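Quick look at query17.tsv (TSV, C-alpha atoms):
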```tsv
chain	number	residue	atom	x	y	z
Z	1	MET	CA	12.33	-24.83	-21.12
Z	2	SER	CA	12.21	-21.93	-18.63
Z	3	ILE	CA	15.59	-22.22	-16.86
Z	4	THR	CA	17.97	-19.51	-18.05
Z	5	GLN	CA	21.59	-18.89	-17.13
Z	6	ILE	CA	22.67	-15.24	-17.13
Z	7	ASN	CA	26.30	-14.35	-17.74
Z	8	LEU	CA	27.29	-11.44	-15.49
Z	9	GLU	CA	30.12	-10.36	-17.75
Z	10	THR	CA	28.22	-10.16	-21.01
Z	11	GLY	CA	24.57	-10.12	-19.95
Z	12	SER	CA	23.90	-12.96	-22.38
Z	13	THR	CA	21.43	-15.71	-21.53
Z	14	ILE	CA	21.84	-19.43	-22.08
Z	15	ALA	CA	18.91	-21.86	-22.03
Z	16	LEU	CA	19.70	-25.00	-20.04
Z	17	THR	CA	18.25	-28.43	-20.64
Z	18	ARG	CA	16.85	-30.30	-17.67
Z	19	ALA	CA	19.00	-33.26	-18.56
Z	20	ALA	CA	22.14	-31.20	-17.97
Z	21	PRO	CA	24.01	-31.70	-14.72
Z	22	ARG	CA	24.55	-28.90	-12.23
Z	23	PRO	CA	25.87	-25.96	-14.28
Z	24	LEU	CA	29.49	-25.04	-13.68
Z	25	PRO	CA	30.46	-21.44	-12.86
Z	26	PRO	CA	31.65	-19.57	-15.94
Z	27	ALA	CA	35.35	-18.71	-16.05
Z	28	ARG	CA	36.40	-15.04	-15.90
Z	29	GLY	CA	39.69	-13.88	-17.33
Z	30	GLY	CA	40.65	-17.42	-18.29
Z	31	THR	CA	40.47	-18.68	-14.66
Z	32	GLU	CA	37.93	-20.75	-12.82
Z	33	GLY	CA	35.96	-19.34	-9.94
Z	34	GLY	CA	33.04	-17.50	-11.52
Z	35	ILE	CA	29.45	-17.63	-10.36
Z	36	VAL	CA	26.20	-18.85	-11.88
Z	37	TRP	CA	22.91	-16.95	-11.93
Z	38	LEU	CA	19.94	-19.07	-12.95
Z	39	ASP	CA	16.56	-17.41	-13.45
Z	40	ILE	CA	13.43	-19.60	-13.50
Z	41	PRO	CA	10.23	-17.71	-14.38
Z	42	ALA	CA	6.91	-19.56	-14.04
Z	43	PRO	CA	8.52	-22.80	-12.86
Z	44	SER	CA	6.97	-26.08	-13.87
Z	45	GLU	CA	7.11	-29.29	-11.89
Z	46	ASP	CA	9.84	-30.55	-14.20
Z	47	ASP	CA	11.89	-27.41	-13.47
Z	48	LEU	CA	11.66	-27.95	-9.74
Z	49	ASN	CA	12.50	-31.63	-10.09
Z	50	TRP	CA	15.55	-30.61	-12.14
Z	51	LEU	CA	16.64	-28.28	-9.34
Z	52	ALA	CA	16.20	-31.05	-6.81
Z	53	ARG	CA	18.45	-33.35	-8.85
Z	54	ALA	CA	21.06	-30.79	-9.86
Z	55	TYR	CA	21.43	-28.97	-6.52
Z	56	ASP	CA	19.92	-31.35	-3.96
Z	57	PHE	CA	17.73	-28.63	-2.46
Z	58	HIS	CA	15.62	-29.41	0.58
Z	59	PRO	CA	12.01	-30.49	-0.19
Z	60	LEU	CA	10.61	-27.76	2.08
Z	61	ALA	CA	12.37	-25.06	0.06
Z	62	LEU	CA	11.11	-26.54	-3.20
Z	63	GLU	CA	7.62	-26.75	-1.73
Z	64	ASP	CA	7.72	-23.00	-1.08
Z	65	CYS	CA	8.60	-22.55	-4.76
Z	66	ARG	CA	5.49	-24.51	-5.69
Z	67	ASN	CA	3.06	-22.62	-3.49
Z	68	PHE	CA	4.30	-19.00	-3.77
Z	69	ASP	CA	2.41	-17.91	-0.67
Z	70	GLN	CA	5.19	-17.18	1.79
Z	71	ARG	CA	6.07	-14.23	3.96
Z	72	ALA	CA	9.53	-12.75	3.55
Z	73	LYS	CA	12.07	-14.91	5.36
Z	74	VAL	CA	15.61	-16.29	5.40
Z	75	ASP	CA	16.10	-20.03	5.96
Z	76	ALA	CA	19.57	-21.52	6.36
Z	77	TYR	CA	20.17	-24.96	4.89
Z	78	ASP	CA	23.30	-27.01	4.60
Z	79	GLY	CA	25.36	-25.32	1.90
Z	80	TYR	CA	22.94	-22.54	0.87
Z	81	LEU	CA	20.37	-19.97	2.00
Z	82	PHE	CA	16.76	-19.91	0.91
Z	83	LEU	CA	15.00	-16.55	0.84
Z	84	SER	CA	11.44	-15.48	0.17
Z	85	LEU	CA	11.23	-11.87	-0.96
Z	86	HIS	CA	8.50	-9.60	-2.30
Z	87	ALA	CA	8.39	-6.83	-4.88
Z	88	VAL	CA	5.47	-4.40	-4.79
Z	89	THR	CA	3.74	-2.77	-7.76
Z	90	ARG	CA	0.57	-0.73	-8.16
Z	91	VAL	CA	-1.81	-1.61	-10.95
Z	92	ASN	CA	-4.98	0.43	-11.55
Z	93	GLY	CA	-4.66	2.03	-8.14
Z	94	ASP	CA	-4.34	-1.27	-6.27
Z	95	LEU	CA	-1.21	-2.76	-4.73
Z	96	GLN	CA	0.05	-6.13	-5.95
Z	97	THR	CA	3.02	-8.21	-4.80
Z	98	GLN	CA	5.38	-10.33	-6.85
Z	99	GLU	CA	6.98	-13.12	-4.87
Z	100	LEU	CA	10.60	-14.06	-5.49
Z	101	GLN	CA	12.19	-17.24	-4.15
Z	102	VAL	CA	15.98	-17.21	-4.00
Z	103	PHE	CA	18.60	-19.92	-3.50
Z	104	LEU	CA	21.92	-18.38	-2.49
Z	105	GLY	CA	25.01	-20.57	-2.48
Z	106	GLY	CA	28.70	-19.94	-2.43
Z	107	ASP	CA	29.00	-19.76	-6.22
Z	108	TYR	CA	25.45	-19.58	-7.53
Z	109	LEU	CA	22.26	-17.55	-7.31
Z	110	ILE	CA	18.94	-19.08	-8.39
Z	111	THR	CA	15.85	-16.89	-8.66
Z	112	VAL	CA	12.38	-18.43	-8.99
Z	113	HIS	CA	9.27	-16.37	-9.68
Z	114	ARG	CA	5.92	-16.51	-11.43
Z	115	GLU	CA	5.35	-12.95	-12.61
Z	116	PRO	CA	7.93	-10.75	-14.36
Z	117	ILE	CA	9.86	-8.69	-11.82
Z	118	ALA	CA	11.26	-5.34	-12.90
Z	119	ALA	CA	14.32	-5.61	-10.63
Z	120	LEU	CA	15.41	-8.85	-12.33
Z	121	ASP	CA	14.95	-7.38	-15.79
Z	122	ALA	CA	16.88	-4.27	-14.80
Z	123	MET	CA	19.71	-6.38	-13.39
Z	124	CYS	CA	19.91	-8.42	-16.60
Z	125	ALA	CA	20.13	-5.19	-18.58
Z	126	ARG	CA	22.82	-3.93	-16.25
Z	127	CYS	CA	24.83	-7.09	-16.75
Z	128	ALA	CA	24.75	-6.46	-20.48
Z	129	SER	CA	25.89	-2.83	-20.19
Z	130	ASP	CA	28.14	-2.71	-17.13
Z	131	SER	CA	31.31	-4.79	-17.16
Z	132	ARG	CA	31.75	-4.32	-13.41
Z	133	THR	CA	28.99	-6.85	-12.75
Z	134	GLY	CA	31.39	-9.55	-13.85
Z	135	SER	CA	33.29	-9.16	-10.58
Z	136	TYR	CA	30.23	-9.41	-8.32
Z	137	ARG	CA	29.96	-12.00	-5.62
Z	138	VAL	CA	26.60	-13.76	-5.36
Z	139	ASP	CA	25.72	-11.87	-2.16
Z	140	MET	CA	26.38	-8.54	-3.90
Z	141	LEU	CA	24.35	-9.65	-6.91
Z	142	LEU	CA	21.44	-10.46	-4.62
Z	143	TYR	CA	21.82	-7.10	-2.88
Z	144	GLN	CA	21.59	-5.27	-6.21
Z	145	ILE	CA	18.31	-7.04	-6.97
Z	146	VAL	CA	16.80	-6.52	-3.51
Z	147	ASP	CA	17.86	-2.89	-3.40
Z	148	GLN	CA	15.95	-2.15	-6.60
Z	149	MET	CA	12.90	-3.99	-5.26
Z	150	VAL	CA	12.96	-1.90	-2.08
Z	151	ASP	CA	13.65	1.43	-3.78
Z	152	ALA	CA	10.65	0.86	-6.04
Z	153	ILE	CA	8.37	1.15	-2.98
Z	154	PHE	CA	9.22	4.82	-2.37
Z	155	PRO	CA	7.46	6.13	-5.53
Z	156	LEU	CA	4.38	4.10	-4.57
Z	157	LEU	CA	4.28	5.75	-1.15
Z	158	ASP	CA	4.74	9.18	-2.74
Z	159	THR	CA	1.75	8.51	-4.97
Z	160	ILE	CA	-0.36	7.39	-2.02
Z	161	GLU	CA	0.64	10.48	-0.02
Z	162	ASP	CA	-0.39	12.72	-2.93
Z	163	GLU	CA	-3.76	10.95	-3.05
Z	164	ILE	CA	-4.17	11.48	0.69
Z	165	ASP	CA	-3.49	15.22	0.28
Z	166	GLU	CA	-6.08	15.45	-2.50
Z	167	LEU	CA	-8.52	13.47	-0.40
Z	168	GLU	CA	-8.10	15.81	2.57
Z	169	ASP	CA	-8.83	18.83	0.38
Z	170	GLU	CA	-11.87	17.09	-1.07
Z	171	ILE	CA	-13.19	16.19	2.38
Z	172	LEU	CA	-12.84	19.75	3.67
Z	173	ASP	CA	-14.43	21.18	0.53
Z	174	LYS	CA	-17.24	18.76	-0.30
Z	175	PRO	CA	-17.28	15.37	1.44
Z	176	ASN	CA	-19.30	12.55	-0.09
Z	177	GLN	CA	-19.60	8.77	0.07
Z	178	GLU	CA	-16.92	8.37	-2.58
Z	179	SER	CA	-14.46	10.17	-0.30
Z	180	LEU	CA	-15.24	7.75	2.51
Z	181	HIS	CA	-14.74	4.75	0.21
Z	182	ARG	CA	-11.34	6.11	-0.90
Z	183	VAL	CA	-10.26	6.56	2.73
Z	184	PHE	CA	-10.97	2.93	3.56
Z	185	ASP	CA	-9.43	1.72	0.29
Z	186	LEU	CA	-6.17	3.57	0.97
Z	187	LYS	CA	-6.11	2.30	4.54
Z	188	ARG	CA	-6.52	-1.24	3.25
Z	189	GLN	CA	-3.62	-0.77	0.83
Z	190	LEU	CA	-1.37	0.62	3.56
Z	191	VAL	CA	-2.16	-2.26	5.89
Z	192	TYR	CA	-1.39	-4.67	3.06
Z	193	LEU	CA	1.90	-2.89	2.34
Z	194	ARG	CA	2.85	-2.97	6.01
Z	195	LYS	CA	2.30	-6.73	6.08
Z	196	ILE	CA	4.77	-7.03	3.20
Z	197	VAL	CA	7.39	-4.57	4.43
Z	198	GLY	CA	7.55	-5.81	8.03
Z	199	PRO	CA	8.80	-9.36	7.30
Z	200	LEU	CA	11.03	-8.06	4.49
Z	201	ARG	CA	12.65	-5.66	6.94
Z	202	ASP	CA	13.32	-8.52	9.36
Z	203	ALA	CA	14.85	-10.59	6.55
Z	204	MET	CA	17.25	-7.80	5.63
Z	205	ASP	CA	18.16	-7.37	9.28
Z	206	THR	CA	19.02	-11.07	9.38
Z	207	LEU	CA	21.29	-10.77	6.34
Z	208	ALA	CA	22.90	-7.62	7.73
Z	209	ASP	CA	24.09	-9.54	10.79
Z	210	SER	CA	26.54	-11.39	8.51
Z	211	ARG	CA	26.05	-14.55	10.54
Z	212	TYR	CA	26.05	-16.66	7.38
Z	213	GLU	CA	29.13	-17.76	5.52
Z	214	PHE	CA	27.57	-16.76	2.19
Z	215	ILE	CA	27.26	-13.10	3.24
Z	216	ASP	CA	30.56	-11.27	3.23
Z	217	PRO	CA	30.92	-8.77	6.12
Z	218	ARG	CA	31.54	-6.00	3.58
Z	219	THR	CA	28.33	-6.88	1.75
Z	220	ALA	CA	26.44	-7.04	5.04
Z	221	LEU	CA	26.85	-3.27	5.30
Z	222	TYR	CA	24.86	-2.90	2.08
Z	223	TYR	CA	22.10	-5.08	3.47
Z	224	ARG	CA	22.12	-2.86	6.55
Z	225	ASP	CA	21.48	0.10	4.25
Z	226	THR	CA	18.54	-1.75	2.67
Z	227	TYR	CA	17.26	-2.50	6.16
Z	228	ASP	CA	17.41	1.22	6.97
Z	229	HIS	CA	15.40	1.96	3.83
Z	230	LEU	CA	12.75	-0.53	4.90
Z	231	VAL	CA	12.60	1.01	8.37
Z	232	ARG	CA	12.00	4.37	6.75
Z	233	ILE	CA	9.32	2.89	4.49
Z	234	TYR	CA	7.63	1.33	7.52
Z	235	ASP	CA	7.62	4.71	9.28
Z	236	LEU	CA	6.19	6.39	6.17
Z	237	ILE	CA	3.42	3.80	6.08
Z	238	GLU	CA	2.53	4.53	9.71
Z	239	THR	CA	2.57	8.26	8.99
Z	240	SER	CA	0.26	7.81	6.02
Z	241	ARG	CA	-2.09	5.70	8.13
Z	242	ASP	CA	-2.21	8.46	10.73
Z	243	LEU	CA	-3.00	10.99	8.01
Z	244	LEU	CA	-5.81	8.79	6.76
Z	245	GLY	CA	-7.12	8.49	10.30
Z	246	ASN	CA	-7.15	12.28	10.53
Z	247	ALA	CA	-8.89	12.47	7.15
Z	248	LEU	CA	-11.55	10.05	8.39
Z	249	ASP	CA	-12.05	12.14	11.54
Z	250	ALA	CA	-12.32	15.26	9.39
Z	251	TYR	CA	-14.92	13.56	7.18
Z	252	LEU	CA	-17.03	12.49	10.16
Z	253	SER	CA	-16.68	15.92	11.76
Z	254	THR	CA	-17.63	17.73	8.55
Z	255	VAL	CA	-20.65	15.52	7.98
Z	256	SER	CA	-21.69	15.95	11.59
Z	257	ASN	CA	-21.34	19.73	11.38
Z	258	ARG	CA	-23.42	19.83	8.22
Z	259	LEU	CA	-26.08	17.70	9.86
Z	260	ASN	CA	-26.08	20.00	12.88
Z	261	GLU	CA	-26.46	22.99	10.57
Z	262	VAL	CA	-29.47	21.39	8.87
Z	263	MET	CA	-31.03	20.50	12.21
Z	264	LYS	CA	-30.41	24.04	13.42
Z	265	ARG	CA	-32.25	25.51	10.44
Z	266	LEU	CA	-35.13	23.10	10.77
Z	267	THR	CA	-35.38	23.90	14.47
Z	268	LEU	CA	-35.46	27.62	13.73
Z	269	ILE	CA	-38.23	27.16	11.17
Z	270	THR	CA	-40.22	25.04	13.62
Z	271	THR	CA	-39.74	27.61	16.37
Z	272	ILE	CA	-40.83	30.44	14.11
Z	273	PHE	CA	-44.05	28.73	13.10
Z	274	MET	CA	-44.89	27.38	16.53
Z	275	PRO	CA	-46.57	30.66	17.76
Z	276	ILE	CA	-48.40	30.94	14.45
Z	277	SER	CA	-49.85	27.49	14.98
Z	278	PHE	CA	-51.00	28.49	18.44
Z	279	ILE	CA	-52.62	31.71	17.19
Z	280	VAL	CA	-54.32	29.96	14.25
Z	281	GLY	CA	-55.58	27.26	16.56
Z	282	PHE	CA	-56.87	29.79	19.05
Z	283	GLY	CA	-58.58	31.80	16.33
Z	284	GLY	CA	-60.22	28.72	14.93
Z	285	MET	CA	-62.07	27.80	18.10
Z	286	ASN	CA	-65.88	27.71	17.81
Z	287	PHE	CA	-66.81	30.85	19.80
Z	288	LYS	CA	-69.40	33.43	18.84
Z	289	GLN	CA	-67.96	36.51	17.04
Z	290	LEU	CA	-64.47	35.03	17.08
Z	291	PRO	CA	-62.84	35.97	14.86
Z	292	PHE	CA	-64.59	36.44	11.56
Z	293	ASP	CA	-67.79	37.99	12.90
Z	294	ASN	CA	-65.75	40.81	14.48
Z	295	PRO	CA	-63.57	42.79	12.02
Z	296	MET	CA	-61.38	44.18	14.80
Z	297	ALA	CA	-60.65	40.76	16.24
Z	298	PHE	CA	-59.90	39.45	12.77
Z	299	GLY	CA	-57.50	42.33	12.12
Z	300	ILE	CA	-55.71	41.73	15.41
Z	301	LEU	CA	-55.39	38.04	14.56
Z	302	VAL	CA	-53.91	38.74	11.14
Z	303	ALA	CA	-51.52	41.33	12.60
Z	304	LEU	CA	-50.29	38.79	15.14
Z	305	LEU	CA	-49.78	36.21	12.39
Z	306	VAL	CA	-47.47	38.65	10.58
Z	307	ALA	CA	-45.81	40.28	13.58
Z	308	MET	CA	-44.88	37.19	15.59
Z	309	PRO	CA	-42.66	35.42	12.99
Z	310	THR	CA	-41.15	38.75	11.95
Z	311	LEU	CA	-40.18	39.63	15.52
Z	312	MET	CA	-38.79	36.12	16.12
Z	313	MET	CA	-36.67	36.26	12.97
Z	314	ILE	CA	-35.28	39.64	14.04
Z	315	TRP	CA	-34.51	38.23	17.49
Z	316	PHE	CA	-32.77	35.13	16.05
Z	317	TRP	CA	-30.76	37.28	13.67
Z	318	ARG	CA	-29.59	39.66	16.39
Z	319	SER	CA	-28.71	36.70	18.59
Z	320	ARG	CA	-26.60	35.31	15.68
Z	321	TRP	CA	-28.62	32.11	15.57
Z	322	MET	CA	-29.33	32.56	11.86
```

If you convert what's in this file into structure tokens, what do you get?
Amino acid sequence: MSITQINLETGSTIALTRAAPRPLPPARGGTEGGIVWLDIPAPSEDDLNWLARAYDFHPLALEDCRNFDQRAKVDAYDGYLFLSLHAVTRVNGDLQTQELQVFLGGDYLITVHREPIAALDAMCARCASDSRTGSYRVDMLLYQIVDQMVDAIFPLLDTIEDEIDELEDEILDKPNQESLHRVFDLKRQLVYLRKIVGPLRDAMDTLADSRYEFIDPRTALYYRDTYDHLVRIYDLIETSRDLLGNALDAYLSTVSNRLNEVMKRLTLITTIFMPISFIVGFGGMNFKQLPFDNPMAFGILVALLVAMPTLMMIWFWRSRWM
């Protein structure tokens, strides 16, 4: 059984049986009116069927919980909100997303996910250590989870920016094919991250409008703060993409300059030996006493073979072509 009920006051977890009816909110301080947080990791078909019976969720929302391939969004249904959210991690230098489906009602919060999500684990630990969580509303509880998911993106961007700085230094010092591959790999990761952050930003903007009865106007201000964080993250992504574009331009410029330098040297060598080729060809023509039968002519020919490239090298050096 994978459905777990988390007590906000004590942080304790209670396993629920699928045969149980809709769980009642736990009482706080001896009075009714608490909230329920159900966490469902790696949901099975029986788990989703149990949710359909216990909470009468819409089939489209449950279908999104089966597929786990949704962009971040907020859907309003009769009596609850359904949200698709994303957490981002970096494993072995590659970005990965962890999708979180959320049912938000007036007195319950249900989280559905496949992979472990650090924000959920941290919130469970906080429930066990902080007694103030016992007074949370469900919208504030959701904010605490989303805020940790969003804040976890900043260290990832810092790491990527450090890699971009190292890559720029490497390109200016000694560019190679590996540098070019890293440029395109980082650009791919940033594009992927932008595709995740953009819809998530729009979802937080929707919650910050406090148009829904389940979002208290006071809590909406916190969602507005999360929205501002996502706007900043989006701007940082664009800045990093610009830096990578500059790094790519620097790579192409450096490679082009090195190629031009090689071509320049080869051209100088060709130019130096071009007169020698002419003199050797002229001296090799089949004329009588030219050059080997006449010692003077042979000496002049040898002197020209030495003098011409020497004079050309001096000229190139003084002209700062070498």

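Separating atom CA of Asp147 of chain Z from atom CA of Leu243 of chain Z is a distance of 27.5 Å.
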
As a VMD selection string, please: the residues near Arg201 of chain Z (cut-off 7 Å, only C-alpha atoms, same-chain neighbours under 4 positions excluded).
chain Z and resid 197 205 227 230 to 231

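When the distance limit is 9 Å and only C-alpha atoms are what count, the residues near Leu142 of chain Z, minus those fewer than 3 positions from it on the same chain, are Val102, Leu104, Leu109, Arg137, Val138, Asp139, Ile145, Val146 and Asp147 of chain Z.
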
Emit the selected residues as a tab-separated table (two decimals), in the coordinates of the input, including C-alpha atoms.
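Now in again.tsv:
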```tsv
chain	number	residue	atom	x	y	z
Z	102	VAL	CA	15.98	-17.21	-4.00
Z	104	LEU	CA	21.92	-18.38	-2.49
Z	109	LEU	CA	22.26	-17.55	-7.31
Z	137	ARG	CA	29.96	-12.00	-5.62
Z	138	VAL	CA	26.60	-13.76	-5.36
Z	139	ASP	CA	25.72	-11.87	-2.16
Z	145	ILE	CA	18.31	-7.04	-6.97
Z	146	VAL	CA	16.80	-6.52	-3.51
Z	147	ASP	CA	17.86	-2.89	-3.40
```

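When only C-alpha atoms are used to compute distances to Phe68 of chain Z, the closest of the residues Z:Ile35, Z:Met296, Z:Ala42, Z:Leu266 turns out to be Z:Ala42.
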
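Distance-wise, atom CA of Ala152 of chain Z and atom CA of Glu99 of chain Z end up 14.5 Å apart.
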
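The shortest atom-to-atom distance to Thr97 of chain Z, with only C-alpha atoms taken into account, belongs to Z:Tyr192 out of Z:Tyr192, Z:Phe273, Z:Tyr77, Z:Tyr136.
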
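Distance check against Gly106 of chain Z using all atoms listed in the file: of Z:Arg194, Z:Met140, Z:Thr267, Z:Pro175, the minimum falls on Z:Met140.
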
Could you give me, as number ranges by chain, the residues within 12 Å of Val91 of chain Z, counting all atoms listed in the file and dropping anything in the same chain fewer than 4 positions from it?
Z: 95-97, 156, 189

Atom CA of Ile171 of chain Z to atom CA of Thr159 of chain Z, straight-line distance in Å
18.3 Å

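With distances restricted to all atoms listed in the file, Z:Met312 is the closest residue to Ile269 of chain Z from Z:Ala307, Z:Ile233, Z:Met312, Z:Ile6.
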
Hey, what's within 7 Å of segment 80-88 of chain Z if we count all atoms listed in the file and toss same-chain stuff fewer than 6 positions away? As a list of chain:residue names, please?
Z:Ala61, Z:Gln70, Z:Arg71, Z:Ala72, Z:Lys73, Z:Val74, Z:Leu95, Z:Gln96, Z:Thr97, Z:Gln98, Z:Glu99, Z:Leu100, Z:Gln101, Z:Val102, Z:Phe103, Z:Leu104, Z:Gly105, Z:Met149, Z:Ile153, Z:Leu200

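The nearest approach to Asp121 of chain Z among the residues Z:Asp39, Z:Ser240, Z:Arg258, Z:Asp64, with all atoms listed in the file taken into account, belongs to Z:Asp39.
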
Axis-aligned box for segment 229-247 of chain Z, 8 Å per side, centre and edges in Å as AutoDock Vina command-line options:
```
--center_x 3.3 --center_y 6.0 --center_z 7.3 --size_x 40.3 --size_y 29.0 --size_z 22.9
```

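Closest approach to Ala203 of chain Z among Z:Arg241, Z:His58, Z:Arg224, Z:Arg320 is made by Z:Arg224 (distances from all atoms listed in the file).
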
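Taking all atoms listed in the file, the non-local environment of Tyr55 of chain Z within 12 Å (same-chain residues fewer than 2 positions away omitted) comprises Ala20, Pro21, Arg22, Pro23, Leu24, Leu38, Asp47, Leu48, Asn49, Trp50, Leu51, Ala52, Arg53, Phe57, His58, Pro59, Ala61, Leu62, Asp78, Gly79, Tyr80, Phe103, Leu104, Gly105, Asp107, Tyr108, Leu109 and Ile110 of chain Z.
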